[in-house]
Every structure is written in C-alpha cells, then in structure tokens.
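A.B. asks: Sharing model.cif here; it has mmCIF, C-alpha atoms.
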```cif
data_start
#
loop_
_atom_site.label_atom_id
_atom_site.label_comp_id
_atom_site.auth_asym_id
_atom_site.auth_seq_id
_atom_site.Cartn_x
_atom_site.Cartn_y
_atom_site.Cartn_z
CA TYR W 1 9.13 9.11 16.35
CA GLY W 2 11.82 9.20 13.69
CA GLU W 3 11.57 9.00 9.91
CA HIS W 4 11.33 5.21 9.67
CA LEU W 5 8.85 4.16 12.35
CA TRP W 6 6.70 2.64 9.60
CA ARG W 7 9.57 0.22 8.92
CA ALA W 8 10.71 -0.40 12.48
CA ASP W 9 7.26 -0.91 14.03
CA PRO W 10 4.39 -0.89 11.47
CA HIS W 11 1.76 -1.75 14.11
CA LEU W 12 2.75 1.22 16.25
CA PHE W 13 2.91 3.42 13.16
CA ASP W 14 -0.68 2.51 12.26
CA PHE W 15 -1.81 2.98 15.85
CA LEU W 16 -0.39 6.52 15.97
CA THR W 17 -1.50 7.61 12.49
CA LYS W 18 -4.88 5.87 12.16
CA VAL W 19 -6.24 3.86 15.07
CA ASP W 20 -5.70 6.30 17.94
CA PRO W 21 -6.74 9.46 16.04
CA MET W 22 -9.97 7.74 14.99
CA ARG W 23 -10.61 6.54 18.54
CA LYS W 24 -10.11 10.07 19.91
CA ALA W 25 -12.39 11.57 17.24
CA LEU W 26 -15.17 9.11 18.03
CA GLU W 27 -14.85 9.91 21.73
CA ASP W 28 -14.79 13.68 21.18
CA MET W 29 -17.97 13.52 19.10
CA GLU W 30 -19.57 11.08 21.57
CA THR W 31 -20.26 8.73 18.67
CA LEU W 32 -22.46 5.74 19.36
CA VAL W 33 -22.92 4.54 15.76
CA TRP W 34 -20.67 5.02 12.73
CA VAL W 35 -20.89 4.02 9.08
CA THR W 36 -18.08 2.36 7.10
CA GLY W 37 -17.58 1.63 3.41
CA ARG W 38 -16.19 -1.89 3.84
CA ARG W 39 -17.44 -4.72 1.62
CA ARG W 40 -17.34 -8.51 1.71
CA SER W 41 -16.09 -8.52 -1.89
CA GLN W 42 -12.83 -6.99 -0.64
CA GLY W 43 -12.02 -10.39 0.86
CA ALA W 44 -9.65 -11.42 3.67
CA ASP W 45 -10.92 -10.19 7.07
CA ARG W 46 -13.86 -8.51 5.35
CA ALA W 47 -15.19 -11.65 3.65
CA THR W 48 -17.66 -12.38 6.46
CA LEU W 49 -18.61 -8.77 7.16
CA ARG W 50 -22.11 -8.20 8.55
CA LEU W 51 -24.40 -5.26 7.77
CA VAL W 52 -24.50 -4.32 11.45
CA GLU W 53 -21.86 -5.20 14.02
CA VAL W 54 -20.72 -4.19 17.49
CA ASP W 55 -17.06 -3.30 17.86
CA PRO W 56 -15.75 -5.46 20.74
CA SER W 57 -13.05 -2.91 21.57
CA ASP W 58 -15.41 -0.07 22.53
CA GLY W 59 -19.02 -1.29 22.20
CA ARG W 60 -19.89 1.12 19.37
CA VAL W 61 -22.23 0.00 16.61
CA LYS W 62 -20.86 -0.11 13.06
CA ILE W 63 -23.15 -0.07 10.04
CA ASN W 64 -21.74 -1.40 6.77
CA PRO W 65 -24.35 -0.50 4.11
CA LEU W 66 -22.11 -1.60 1.21
CA ALA W 67 -21.33 -5.01 2.71
CA ASN W 68 -23.20 -6.87 -0.08
CA TRP W 69 -21.93 -4.71 -2.95
CA GLY W 70 -19.29 -5.82 -5.40
CA LYS W 71 -16.65 -3.74 -7.15
CA GLU W 72 -18.78 -3.43 -10.28
CA GLU W 73 -21.74 -2.05 -8.33
CA VAL W 74 -19.54 0.51 -6.58
CA TRP W 75 -18.03 1.79 -9.83
CA GLY W 76 -21.40 1.71 -11.57
CA TYR W 77 -22.80 3.99 -8.89
CA ILE W 78 -19.76 6.29 -9.02
CA LYS W 79 -20.04 6.78 -12.78
CA GLN W 80 -23.83 7.05 -12.86
CA HIS W 81 -23.94 9.72 -10.15
CA LYS W 82 -20.59 11.35 -11.04
CA VAL W 83 -19.15 10.79 -7.58
CA PRO W 84 -15.59 12.23 -7.26
CA TYR W 85 -12.92 9.58 -6.68
CA ASN W 86 -9.17 9.33 -6.17
CA ALA W 87 -7.32 9.59 -9.52
CA LEU W 88 -4.90 6.85 -8.40
CA HIS W 89 -7.63 4.31 -9.18
CA ASP W 90 -7.09 5.13 -12.87
CA GLN W 91 -3.38 4.33 -12.45
CA GLY W 92 -3.91 0.76 -11.25
CA TYR W 93 -4.40 1.19 -7.51
CA GLY W 94 -7.37 -0.97 -6.51
CA SER W 95 -7.30 0.08 -2.86
CA ILE W 96 -5.69 3.26 -1.54
CA GLY W 97 -4.31 3.88 1.92
CA ASP W 98 -1.13 5.71 2.90
CA VAL W 99 2.09 5.73 0.87
CA VAL W 100 3.87 3.04 2.88
CA THR W 101 1.07 0.44 2.71
CA THR W 102 -0.19 0.96 -0.84
CA GLU W 103 1.04 -0.57 -4.09
CA LYS W 104 -0.59 -1.06 -7.46
CA THR W 105 -2.93 -4.02 -7.74
CA ALA W 106 -1.60 -6.64 -10.15
CA PRO W 107 -3.71 -7.24 -13.29
CA GLY W 108 -6.11 -10.12 -12.69
CA ALA W 109 -5.69 -10.01 -8.90
CA LYS W 110 -8.35 -11.92 -6.98
CA SER W 111 -8.88 -9.03 -4.56
CA GLU W 112 -8.78 -5.29 -5.19
CA ARG W 113 -6.92 -4.96 -1.87
CA GLU W 114 -3.98 -7.18 -2.83
CA GLY W 115 -1.82 -4.09 -3.16
CA ARG W 116 -2.20 -3.23 0.51
CA PHE W 117 0.21 -4.23 3.34
CA LYS W 118 2.38 -6.37 1.05
CA GLY W 119 4.90 -8.51 2.92
CA GLN W 120 3.37 -7.68 6.30
CA ASN W 121 1.19 -10.79 6.75
CA ARG W 122 -1.95 -8.72 7.38
CA THR W 123 -4.71 -6.98 5.43
CA GLU W 124 -5.91 -4.35 7.94
CA CYS W 125 -4.39 -1.35 9.72
CA GLY W 126 -6.19 -2.06 13.00
CA MET W 127 -8.93 0.54 12.77
CA HIS W 128 -11.62 -2.08 12.20
CA VAL W 129 -9.89 -5.38 12.94
CA ALA W 130 -7.36 -5.75 15.74
CA VAL W 131 -3.90 -6.58 14.34
CA SER W 132 -2.09 -6.49 17.69
CA GLY W 133 -2.88 -8.14 21.01
CA ASP W 134 -1.86 -4.99 22.90
CA SER W 135 -4.47 -2.79 24.57
CA VAL W 136 -4.76 0.95 23.93
CA GLU W 137 -2.94 1.60 27.22
CA GLN W 138 -0.13 -0.78 26.24
CA MET W 139 0.22 0.88 22.84
CA HIS W 140 0.43 4.31 24.48
CA LYS W 141 3.21 3.08 26.78
CA ARG W 142 4.99 1.58 23.80
CA SER W 143 4.70 4.80 21.82
CA ASP W 144 6.06 6.80 24.76
CA ILE W 145 9.14 4.57 24.94
CA VAL W 146 9.73 4.92 21.20
CA ARG W 147 9.20 8.70 21.27
CA LYS W 148 11.70 9.14 24.10
CA GLY W 149 14.11 6.84 22.26
CA TYR W 150 14.07 8.97 19.14
CA ALA W 151 14.47 12.13 21.23
CA TRP W 152 17.59 10.51 22.74
CA GLU W 153 18.82 9.57 19.27
CA TYR W 154 18.48 13.15 18.02
CA ALA W 155 20.87 14.35 20.73
CA GLU W 156 23.11 11.31 20.29
CA ARG W 157 23.62 12.08 16.61
CA GLU W 158 25.25 15.38 17.51
CA ARG W 159 27.62 13.66 19.94
CA CYS W 160 28.41 10.97 17.36
CA HIS W 161 29.22 13.56 14.72
CA GLU W 162 31.71 15.20 17.06
CA ALA W 163 33.32 11.79 17.68
CA GLY W 164 33.79 11.19 13.96
CA ILE W 165 31.00 8.62 13.61
CA LYS W 166 29.12 8.58 10.33
CA GLN W 167 25.40 7.83 10.41
CA VAL W 168 24.13 4.93 8.34
CA THR W 169 20.49 4.44 7.40
CA GLN W 170 18.60 1.80 5.49
CA ASP W 171 18.66 4.11 2.50
CA ASN W 172 22.46 4.43 2.28
CA PHE W 173 23.55 1.17 3.94
CA GLU W 174 24.54 -0.60 0.72
CA LYS W 175 26.62 2.33 -0.55
CA VAL W 176 28.31 3.20 2.75
CA VAL W 177 28.85 -0.33 4.11
CA ILE W 178 28.40 -3.06 1.49
CA GLN W 179 30.21 -1.24 -1.32
CA SER W 180 32.91 0.29 0.90
CA LYS W 181 36.51 -0.84 0.41
CA GLU W 182 37.61 0.51 3.78
CA ASN W 183 37.69 -1.16 7.18
CA ILE W 184 34.47 -0.42 9.06
CA LEU W 185 33.38 -0.65 12.67
CA LEU W 186 29.60 -0.85 12.58
CA GLU W 187 27.13 -0.54 15.44
CA VAL W 188 23.49 -1.40 14.82
CA TYR W 189 21.03 -0.29 17.48
CA ALA W 190 17.42 0.60 18.27
CA PRO W 191 16.96 4.13 19.70
CA TRP W 192 14.41 2.92 22.26
CA CYS W 193 16.64 0.08 23.54
CA GLY W 194 17.99 0.87 27.01
CA HIS W 195 21.01 -1.39 26.56
CA CYS W 196 21.88 0.36 23.29
CA GLN W 197 21.67 3.75 24.97
CA GLN W 198 23.97 2.60 27.78
CA TYR W 199 26.53 1.27 25.30
CA ALA W 200 26.60 4.47 23.20
CA PRO W 201 29.29 6.27 25.29
CA VAL W 202 31.60 3.25 24.96
CA PHE W 203 31.15 3.19 21.21
CA ARG W 204 31.88 6.92 21.00
CA GLU W 205 35.06 6.46 23.08
CA VAL W 206 36.28 3.70 20.76
CA ALA W 207 35.42 5.81 17.71
CA GLU W 208 37.37 8.80 19.07
CA LYS W 209 40.47 6.64 19.62
CA LEU W 210 40.24 5.17 16.13
CA ARG W 211 39.67 8.62 14.68
CA ASP W 212 42.96 9.84 16.16
CA LEU W 213 45.05 6.99 14.73
CA PRO W 214 47.63 8.18 12.17
CA SER W 215 46.65 7.78 8.54
CA PRO W 216 48.50 5.02 6.62
CA PRO W 217 51.12 6.06 4.07
CA PRO W 218 50.00 6.11 0.41
CA GLY W 219 49.72 2.54 -0.85
CA GLY W 220 50.70 1.18 2.56
CA GLY W 221 47.30 -0.15 3.59
CA GLY W 222 46.32 -0.67 7.19
CA GLY W 223 45.35 2.22 9.43
CA GLY W 224 42.23 2.73 11.47
CA PRO W 225 38.78 1.86 10.22
CA LYS W 226 36.22 4.28 8.96
CA HIS W 227 33.75 4.72 11.82
CA THR W 228 30.06 4.21 11.13
CA GLN W 229 27.01 3.87 13.28
CA GLY W 230 24.02 1.99 11.96
CA LEU W 231 20.45 3.12 12.55
CA PRO W 232 17.31 0.95 12.60
#
```
Starting from the file, give its structure as structure tokens.

C.D. replies:
Amino acid sequence: YGEHLWRADPHLFDFLTKVDPMRKALEDMETLVWVTGRRRSQGADRATLRLVEVDPSDGRVKINPLANWGKEEVWGYIKQHKVPYNALHDQGYGSIGDVVTTEKTAPGAKSEREGRFKGQNRTECGMHVAVSGDSVEQMHKRSDIVRKGYAWEYAERERCHEAGIKQVTQDNFEKVVIQSKENILLEVYAPWCGHCQQYAPVFREVAEKLRDLPSPPPGGGGGGPKHTQGLP
C-alpha cells in the first residue's frame, strides 16, 4: 500500500491496520461479548459512554467497566497494584496509539486524548466509533484499488528512472522542487487513479525528449528542464 498511505488516506490506513484485523479476530474467536478500557473522562465521542452497549455494526455486546473512572482513579490503581504501563506516559503522552496518530499531550490539556489524531477532525480510529460512512465491503474494494495502484507505481518507478525522471516525495519536495534553481516539469499523481496511470506513458515520452536535449553552454542559460515526477 505504499509508505505514505497514512497521509494519503488515513481512514483506509486505520481500517487496514486496526479496524479490519480486530473484526477478523473477533470473528475467528466467535466473540459475542468483549471488554474495552474506554472511559467517559476521555471526552469527545466517549463522553456519553455506557457501561454496556451493543455495537450497531456487528451486534456484539461491549462492556466498558472503566466508563465511570477518571484519570486519577486509573493511575491510582496502576501504582497501588504495580500494573506495568507504557513508559511513554512518563514522557508526556496522555494517550498512546500508533506513531502517526500520537503526539504529546499539552500541559493543562482538557482531555488526555488531545494528542491523538491532531489536524484530522476526529478522535477515534474507527474500531469503536465509525469514522467513515463506507461499509466493510466498500472499504475492502477501496483497499484493493489502492493496493493495485501501488503495485503499478512500483513498476512505473523503474520505467520512470530509465526515462530520466526523478522521483519526488513529500519528504524531499521542498529541497528538490521549491529550492531548485533549475527549470522543472512536475507531474503530481495518485497511484490508484486510472487517469494518472493512462497519462504516465505520455509523461515518460515527454521526459525522454527533454532528457535528450543538448546541454546549454556554461553561463548560457536555457536548455531543457530537469525532469521530476511527484508522488502523493
């Protein structure tokens, strides 16, 4: 699915790394009831959490025994009973998920989960609260399109390299494009876009022609552009 799916499609990223694996595990174990550690004191979508609920997506019962607990009660229990915990909590992380959705919680933050999903206009990954209107079947179709797109891109990179096209990513875009003093022909595309895939041979043909232009004399300026191809 590429190295940057979490940037290009965060909902699909969470579906593939969290939501779907959990769904499959619950089905494999024939789970009817499962227990979560969510609390109302965590705020946002969890503020009205009930002790017992039925998940509308699959009909399973969820029990939330800590729903009425606050942060102080949780940490009091941890210290009293010497429960192991993630060392990142001691470094200022109030809530810990994966690397791409976790930041330190600001001092004095109203919620311990304020460091999660920053800038994404959501507070959940989708495992407990739906964050996308797509069904499981729709998400699987979407993931298949993206997977095939990145498989196409892997092969396309080899062809682009042969044509003299330099790959640009979000990580090196400023250095290669913004700070460049050369003429640049830039193509920005999505690997899973059918139109982008159809245009790729045309772009390669143009790049090959520009590549073969004679170099300008020293100090003469002009000449063909440096060829680059932007990635999502």

A.B. asks: Once the PyMOL selection byres ((chain W and resi 149) around 9) is applied to the coordinates I shared, what remains selected? I want it as a PDB file with C-alpha atoms, keeping the file's coordinate frame.

C.D. replies:
```
ATOM      1  CA  TYR W   1       9.130   9.110  16.350  1.00  0.00           C
ATOM      2  CA  ASP W 144       6.060   6.800  24.760  1.00  0.00           C
ATOM      3  CA  ILE W 145       9.140   4.570  24.940  1.00  0.00           C
ATOM      4  CA  VAL W 146       9.730   4.920  21.200  1.00  0.00           C
ATOM      5  CA  ARG W 147       9.200   8.700  21.270  1.00  0.00           C
ATOM      6  CA  LYS W 148      11.700   9.140  24.100  1.00  0.00           C
ATOM      7  CA  TYR W 150      14.070   8.970  19.140  1.00  0.00           C
ATOM      8  CA  ALA W 151      14.470  12.130  21.230  1.00  0.00           C
ATOM      9  CA  TRP W 152      17.590  10.510  22.740  1.00  0.00           C
ATOM     10  CA  GLU W 153      18.820   9.570  19.270  1.00  0.00           C
ATOM     11  CA  TYR W 154      18.480  13.150  18.020  1.00  0.00           C
ATOM     12  CA  ALA W 190      17.420   0.600  18.270  1.00  0.00           C
ATOM     13  CA  PRO W 191      16.960   4.130  19.700  1.00  0.00           C
ATOM     14  CA  TRP W 192      14.410   2.920  22.260  1.00  0.00           C
ATOM     15  CA  CYS W 193      16.640   0.080  23.540  1.00  0.00           C
ATOM     16  CA  GLY W 194      17.990   0.870  27.010  1.00  0.00           C
ATOM     17  CA  GLN W 197      21.670   3.750  24.970  1.00  0.00           C
TER      18      GLN W 197
END
```

A.B. asks: For atom CA of W:Ala207 and atom CA of W:Ala155, quote the distance in Å rounded to one decimal.

C.D. replies: 17.1 Å

A.B. asks: Which residues would end up in the selection if the PyMOL selection byres ((chain W and resi 35-48) around 9) were applied here, given that I need the answer as an NGL selection string?

C.D. replies: :W and (33-34 or 49-50 or 61-71 or 110-113 or 122-124 or 129)

A.B. asks: Grab the atom CA of W:Lys141 to atom CA of W:Asp98 distance for me, in Å with one decimal place.

C.D. replies: 24.4 Å

A.B. asks: Considering all atoms listed in the file, state which residue in the set W:Thr102, W:Asp20, W:Leu5, W:Gln167 is at the smallest distance from W:Glu137.

C.D. replies: W:Asp20

A.B. asks: What are the centre and the three edge lengths of an axis-aligned box that wraps all atoms of stretch 132-148 of chain W in the file, given that 5 Å is added to every side, written as AutoDock Vina command-line options and rounded to one decimal in Å?

C.D. replies:
```
--center_x 3.5 --center_y 0.5 --center_z 22.5 --size_x 26.5 --size_y 27.3 --size_z 19.5
```

A.B. asks: Just checking: using all atoms listed in the file, which residue out of W:Ala106, W:Met127, W:Val188, W:Val136 ends up closest to W:Thr17?

C.D. replies: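 So, comparing all the options, the nearest one is W:Met127.
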
A.B. asks: Applying 9 Å and only C-alpha atoms, which residues near W:Met139 remain after dropping the ones on its own chain fewer than 5 positions away? List them as a PyMOL selection string.

C.D. replies: chain W and resi 12+15-16+134+144

A.B. asks: Using all atoms listed in the file, which residue out of W:Val83, W:Pro10, W:Ile78, W:Glu182 lies closest to W:Lys118?

C.D. replies: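 Using all atoms listed in the file, W:Lys118 sits closest to W:Pro10.
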
A.B. asks: With only C-alpha atoms as the atoms that count, which of W:Asp171, W:Gln138, W:His128, W:Glu187 lies nearest to W:Val54?

C.D. replies: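 That would be W:His128, the residue with the smallest distance to W:Val54.
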
A.B. asks: Please indicate the distance in Å from atom CA of W:Asp90 to atom CA of W:Glu114, rounded to one decimal place.

C.D. replies: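 Spanning atom CA of W:Asp90 to atom CA of W:Glu114 is a straight-line distance of 16.2 Å.
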
A.B. asks: Could you check which of W:His11, W:Lys175, W:Lys166, W:His4 is closest to W:Cys125, using all atoms listed in the file?

C.D. replies: W:His11

A.B. asks: From the list W:Asp9, W:Gly115, W:Glu162, W:Gln80, which residue is nearest W:Arg211 when using only C-alpha atoms?

C.D. replies: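 Closest residue, counting only C-alpha atoms: W:Glu162.
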
A.B. asks: Using the chain letters and residue numbers of this document, give as a list in words the residues selected by the PyMOL selection byres ((chain W and resi 202-204) around 8).

C.D. replies: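 On this input, the PyMOL selection byres ((chain W and resi 202-204) around 8) captures Cys160, Ala163, Ile165, Glu187, Tyr199, Ala200, Pro201, Glu205, Val206, Ala207 and Glu208 of chain W.
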